[in-house]
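Scroll down for the structure; my scribbles are underneath it.
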Amino acid sequence: MLRDITLGQYYPANSVIHRLDPRVKLLGTLLFIVSLFSFKGVTALALATIFLVTVIKVSKVPFKFMVKGLRAIVILMLITAFFNLFLTPGEALVSFWKFKITAPGIKNAVLMAIRLTYLILGTSIMTLTTTPNQLTAGLEMALRPLRKVGVPVHAVSMMMSIALRFIPILIEETDKIMKAQMARGADFESGNLIRKVKSMVPLLVPLFVAAFRRADDLAMAMEARCYHGGDGRTQLKPLRYQGRDRLAYLILFSYLAGVFLCRHFLPWPQG
Amino acid sequence: MGIIKARQLVHEYIRRDEEGNVESISTALDHLNLDVEQGQFIAVLGHNGSGKSTLAKHINALLTPTEGTLWVDGLDVSDEENVMTVRENAGMVFQNPDNQIIASVVEEDVAFGPENIGVPTDEIWDRVEQSLRTVGMLKYRTYSPNKLSGGQKQRVAIAGVLAMQPKCIVLDEPTAMLDPTGRRDVIRTALELNREKGVTIILITHYMEEVVEADRVFVMDEGKLVMQGTPREIFSRVEELKHYRLGVPQMTLLADELRRAGLPLAGGIMTREELVEELAKLRA
């Protein structure tokens with residue numbers, strides 16, 4: 001049961017978005033977020049909506065998977081909407097006690113809700129269509145220039161991919177230790193939160209010891225297979241841009257340009 | 001010159017206290033001399049703490065000798081410049097299958113070694129495919145290692161070493177954590193590599209049954225090489241093996257007991273078939 005756990009929330013499907021270079025998707029997500037927080041006016045909003053809906057359609061990921069991600073931020077959305085609604089200065093439309101609702105307040109609240117929703121949808125497309133490994137590889141390539149200023153990009157991405165490999169193993173191990181301790185009368189279920197947390201301590205100690213031992217073994221196994229850092233390393237699956245990636249970049253940048261053009265020339269309605 | 005040659009090899013584990021003063025020294029290898037020819041299947045036996053794992057780590061240059069010299073394919077492992085070549089020539093498979101698989105997809109893990117030594121991408125793909133085919137794991141190439149059994153993981157680990165095209169593979173108790181089926185598969189894979197591809201195999205184990213097929217057996221005790229010879233020679237010396245706290249295959253033991261009870265059986269019987277044959281000869 002535990003070994004079947006999937007990390008991240010990758011949704012396997014055969015779509016163009018799945019096949020895109022992870023770097024395109026990383027930059028695409030970033031640019032989409034930029035566009036969300038810089039658009040002005042209904043036209044730009046419509047443009048962002050069309051863009052998002054098209055990408056979702058093309059990705060072949062069912063919409064209900066996307067909505068799952070939204071559930072987690074409902075509270076955050078309510079809070080931001082609340083503050084925007086009541087705390088935006090302006091002429092009061094309705095007012096009671098110390099609160100007043102203003103026209104810009106309504107507008108801000110609605111816009112904020114839309115922005116946050118789009119933000120979550122946009123980023124979940126990336127995580128839904130890219131395996132954690134591809135993401136790591138994409139990040140390594142994308143951040144490569146940072147090596148010049150001394151950031152150990154290769155080491156960090158190697159750590160990320162090893163972490164991905166070992167999370168299920170450590171979960172299994174936790175399960176094993178828990179059962180072993182339960183067999184000897186340990187109680188992980190009852191009591192209040194503090195008691196529960198306290199009962200985790202004897203679980204964490206052997207888990208950490210085991211993790212360190214594993215780390216030691218793994219380091220040795222890596223060295224035995226000639227691992228010596230990122231220098232002079234070749235790759236089984238090197239990232240190379242294909243035609244579709246170039247096209248995706250083109251679409252991305254024309255979308256961004258469109259949003260900025262709308263911001264300057266069609267900023268209706270004025271806020 | 002053989003593929004592995006050790007002369008007066010000494011390794012000491014030095015324990016230091018917090019100030020760096022020497023607390024205790026334990027000698028894991030004690031003036032060891034050893035020769036292995038290219039293409040041999042060697043089994044190394046010894047109970048816990050006999051120094052066999054320490055020896056294995058020297059062959060892969062994971063440890064360097066305190067004294068003496070070890071040559072792997074003519075290269076001195078103590079020389080810092082030789083380390084990468086030595087590791088390329090002599091691969092190593094460890095005991096715990098989970099702690100030596102690096103990637104989360106089988107084929108990516110097999111590619112890890114060739115990636116490190118800078119093999120071009122196209123050739124890595126060839127090597128991955130060949131290695132996985134050799135160990136019989138080709139159809140699992142896109143699986144996550146977490147979904148494989150212990151024996152399958154160990155075969156993936158062997159494929160990972162094989163992809164570096166080593167001349168010699170050291171297997172350090174590769175079957176200690178496996179079930180009988182996995183154990184058999186791993187040993188068969190090692191044997192096939194040796195017989196068909198001519199790879200020198202050094203199998204470190206304490207399962208006597210795995211030793212039977214080896215060309216030569218080395219028995220280690222307290223850092224010294226105390227017995228060596230063909231499996232048959234070694235197993236005809238039951239008393240000595242017992243002295244070094246080693247078991248013998250069940251059939252050897254049975255034959256030994258029968259001999260002591262007065263049956264005129266030949267020494268060094270290792271398998272059930274041999275014993276049956278010998279007993280049939282007696283009846284005739």
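All residue names refer to the structure tokens as shown: chains lettered A, B, ... in order, residues numbered from 1 in each chain, ligands numbered from 1 in order.
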Inset, instruction - May I have the residues of chain A within 9 Å of chain B, counting only C-alpha atoms, written as JSON, numbers by chain? - result: {"A": [3, 4, 133, 161, 162, 164, 165, 166, 168, 169, 214, 215, 216, 217, 218, 219, 220, 221, 222, 223, 224, 225, 226, 227, 228, 229, 230, 231, 232, 233, 234, 235, 236, 237, 238]}
Inset, instruction - Enumerate, as a count of residues only, the complete set of residues in stretch 93-202 of chain A that a backbone-based DSSP assignment places in alpha helix (DSSP H). - result: 79
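Across B:Thr64, B:Gln130, B:Asn82, B:Thr181, the tightest approach to B:Ser149 is made by B:Thr181 when counting only C-alpha atoms.
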Inset, instruction - Write out as a PyMOL selection string all residues of stretch 195-253 of chain B that DSSP puts in strand (DSSP E or B) for this structure's backbone. - result: chain B and resi 200-205+216-221+224-229
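Distance-wise, atom CA of A:Leu20 and atom CA of A:Leu121 end up 17.9 Å apart.
Neighbours of B:Glu240 closer than or equal to 10 Å, with only C-alpha atoms counted and sequence neighbours fewer than 5 positions away skipped, come out as Val226, Met227, Ile234, Phe235, Arg245 and Leu246 of chain B.
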Keeping only all heavy atoms, write those residues as an mmCIF file, in the first residue's frame.
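The result, written out as result_1.cif:
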```cif
data_model
loop_
_atom_site.group_PDB
_atom_site.id
_atom_site.type_symbol
_atom_site.label_atom_id
_atom_site.label_comp_id
_atom_site.auth_asym_id
_atom_site.auth_seq_id
_atom_site.Cartn_x
_atom_site.Cartn_y
_atom_site.Cartn_z
ATOM 1 N N VAL B 226 43.601 -17.709 5.142
ATOM 2 C CA VAL B 226 44.022 -18.916 5.856
ATOM 3 C C VAL B 226 43.882 -20.193 5.031
ATOM 4 O O VAL B 226 44.546 -21.181 5.301
ATOM 5 C CB VAL B 226 43.269 -19.072 7.193
ATOM 6 C CG1 VAL B 226 43.763 -18.040 8.188
ATOM 7 C CG2 VAL B 226 41.767 -18.939 6.996
ATOM 8 N N MET B 227 42.994 -20.197 4.056
ATOM 9 C CA MET B 227 42.862 -21.381 3.203
ATOM 10 C C MET B 227 42.614 -20.900 1.788
ATOM 11 O O MET B 227 41.946 -19.890 1.592
ATOM 12 C CB MET B 227 41.650 -22.236 3.620
ATOM 13 C CG MET B 227 41.769 -22.923 4.955
ATOM 14 S SD MET B 227 40.168 -23.588 5.475
ATOM 15 C CE MET B 227 40.112 -25.102 4.549
ATOM 16 N N ILE B 234 38.734 -27.294 -0.542
ATOM 17 C CA ILE B 234 38.379 -26.599 0.699
ATOM 18 C C ILE B 234 37.401 -27.434 1.521
ATOM 19 O O ILE B 234 37.576 -27.614 2.728
ATOM 20 C CB ILE B 234 37.757 -25.217 0.386
ATOM 21 C CG1 ILE B 234 38.776 -24.310 -0.308
ATOM 22 C CG2 ILE B 234 37.212 -24.550 1.642
ATOM 23 C CD1 ILE B 234 39.885 -23.817 0.562
ATOM 24 N N PHE B 235 36.392 -27.972 0.832
ATOM 25 C CA PHE B 235 35.354 -28.661 1.588
ATOM 26 C C PHE B 235 35.766 -30.053 2.065
ATOM 27 O O PHE B 235 35.039 -30.685 2.815
ATOM 28 C CB PHE B 235 34.060 -28.742 0.774
ATOM 29 C CG PHE B 235 33.377 -27.410 0.663
ATOM 30 C CD1 PHE B 235 32.855 -26.962 -0.532
ATOM 31 C CD2 PHE B 235 33.279 -26.606 1.781
ATOM 32 C CE1 PHE B 235 32.247 -25.729 -0.615
ATOM 33 C CE2 PHE B 235 32.670 -25.371 1.708
ATOM 34 C CZ PHE B 235 32.155 -24.936 0.505
ATOM 35 N N ARG B 245 35.041 -21.167 12.221
ATOM 36 C CA ARG B 245 33.622 -20.876 12.465
ATOM 37 C C ARG B 245 32.833 -20.756 11.159
ATOM 38 O O ARG B 245 32.014 -19.866 10.987
ATOM 39 C CB ARG B 245 33.467 -19.600 13.294
ATOM 40 C CG ARG B 245 33.796 -19.825 14.760
ATOM 41 C CD ARG B 245 33.856 -18.539 15.512
ATOM 42 N NE ARG B 245 35.130 -17.867 15.318
ATOM 43 C CZ ARG B 245 35.365 -16.616 15.685
ATOM 44 N NH1 ARG B 245 34.404 -15.901 16.204
ATOM 45 N NH2 ARG B 245 36.552 -16.080 15.500
ATOM 46 N N LEU B 246 33.137 -21.615 10.220
ATOM 47 C CA LEU B 246 32.389 -21.635 8.967
ATOM 48 C C LEU B 246 31.646 -22.946 8.846
ATOM 49 O O LEU B 246 32.141 -23.984 9.268
ATOM 50 C CB LEU B 246 33.341 -21.498 7.778
ATOM 51 C CG LEU B 246 33.988 -20.138 7.623
ATOM 52 C CD1 LEU B 246 35.106 -20.212 6.623
ATOM 53 C CD2 LEU B 246 32.967 -19.092 7.218
#
```
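With atom CA of A:Leu85 on one side and atom CA of A:Val67 on the other, the separation reads 24.2 Å.
Coordinates place atom CA of B:Leu253 at a distance of 18.4 Å from atom CA of B:Gly229.
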Inset, instruction - Determine the nearest neighbour of A:Tyr118 from the options A:Trp97, A:Phe188, A:Phe32, A:Tyr241, counting only C-alpha atoms. - result: A:Phe32
Inset, instruction - With a distance cut-off of 8 Å and only C-alpha atoms, select the neighbouring residues of A:Phe260, excluding the residue or stretch itself and same-chain residues fewer than 2 positions from it, and output the selection as a list of chain:residue names. - result: A:Ser35, A:Ser38, A:Phe39, A:Leu256, A:Ala257, A:Gly258, A:Cys262, A:Arg263, A:His264
For the selection you just gave me, I'd like the residues written to a file as a tab-separated table (two decimals), in the first residue's frame, keeping N, CA, C and O atoms.
```
chain	number	residue	atom	x	y	z
A	35	SER	N	2.02	37.55	-15.64
A	35	SER	CA	0.91	38.13	-16.39
A	35	SER	C	-0.31	38.31	-15.50
A	35	SER	O	-1.04	39.29	-15.60
A	38	SER	N	-0.02	41.45	-13.41
A	38	SER	CA	0.22	42.73	-14.06
A	38	SER	C	-0.90	43.09	-15.03
A	38	SER	O	-0.88	44.18	-15.60
A	39	PHE	N	-1.88	42.20	-15.20
A	39	PHE	CA	-2.91	42.57	-16.18
A	39	PHE	C	-3.87	43.62	-15.63
A	39	PHE	O	-4.05	43.79	-14.43
A	256	LEU	N	2.20	36.84	-23.40
A	256	LEU	CA	2.65	37.88	-22.46
A	256	LEU	C	2.59	39.26	-23.10
A	256	LEU	O	2.13	40.23	-22.49
A	257	ALA	N	3.04	39.34	-24.36
A	257	ALA	CA	3.00	40.61	-25.08
A	257	ALA	C	1.56	41.09	-25.19
A	257	ALA	O	1.27	42.28	-24.98
A	258	GLY	N	0.64	40.16	-25.49
A	258	GLY	CA	-0.77	40.50	-25.60
A	258	GLY	C	-1.29	41.12	-24.32
A	258	GLY	O	-1.95	42.17	-24.33
A	262	CYS	N	-2.66	44.94	-23.87
A	262	CYS	CA	-3.99	45.24	-23.33
A	262	CYS	C	-3.88	46.19	-22.15
A	262	CYS	O	-4.69	47.10	-21.97
A	263	ARG	N	-2.84	45.98	-21.32
A	263	ARG	CA	-2.64	46.82	-20.15
A	263	ARG	C	-2.47	48.29	-20.56
A	263	ARG	O	-2.94	49.19	-19.89
A	264	HIS	N	-1.76	48.48	-21.68
A	264	HIS	CA	-1.48	49.85	-22.09
A	264	HIS	C	-2.59	50.46	-22.93
A	264	HIS	O	-2.92	51.63	-22.78
```
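Of the listed residues B:Lys224, B:His243, B:His206, B:Arg195, the one whose atoms come nearest to B:Asp30 is B:Lys224, with distances taken using only C-alpha atoms.
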Inset, instruction - Excluding A:Phe65 and any residue of its chain fewer than 6 positions from it, enumerate the residues within 10 Å of it, using only C-alpha atoms, and give them as a count of residues only. - result: 6
Inset, instruction - Find the residues near stretch 262-270 of chain B: any atom within 9 Å, counting only C-alpha atoms, skip ones fewer than 5 places away on the same chain, and give them as a PyMOL selection string. - result: chain B and resi 209+212+231-238+248-253+255-257+275+278-279+282
Inset, instruction - Would you list the contacts of A:Val209 as a list in words, taking every protein, DNA or RNA residue within 12 Å and counting only C-alpha atoms, but skipping same-chain residues closer than 6 positions in sequence? - result: Leu170, Glu173, Thr174, Ile177, Pro202, Leu203, Ala215 and Asp216 of chain A
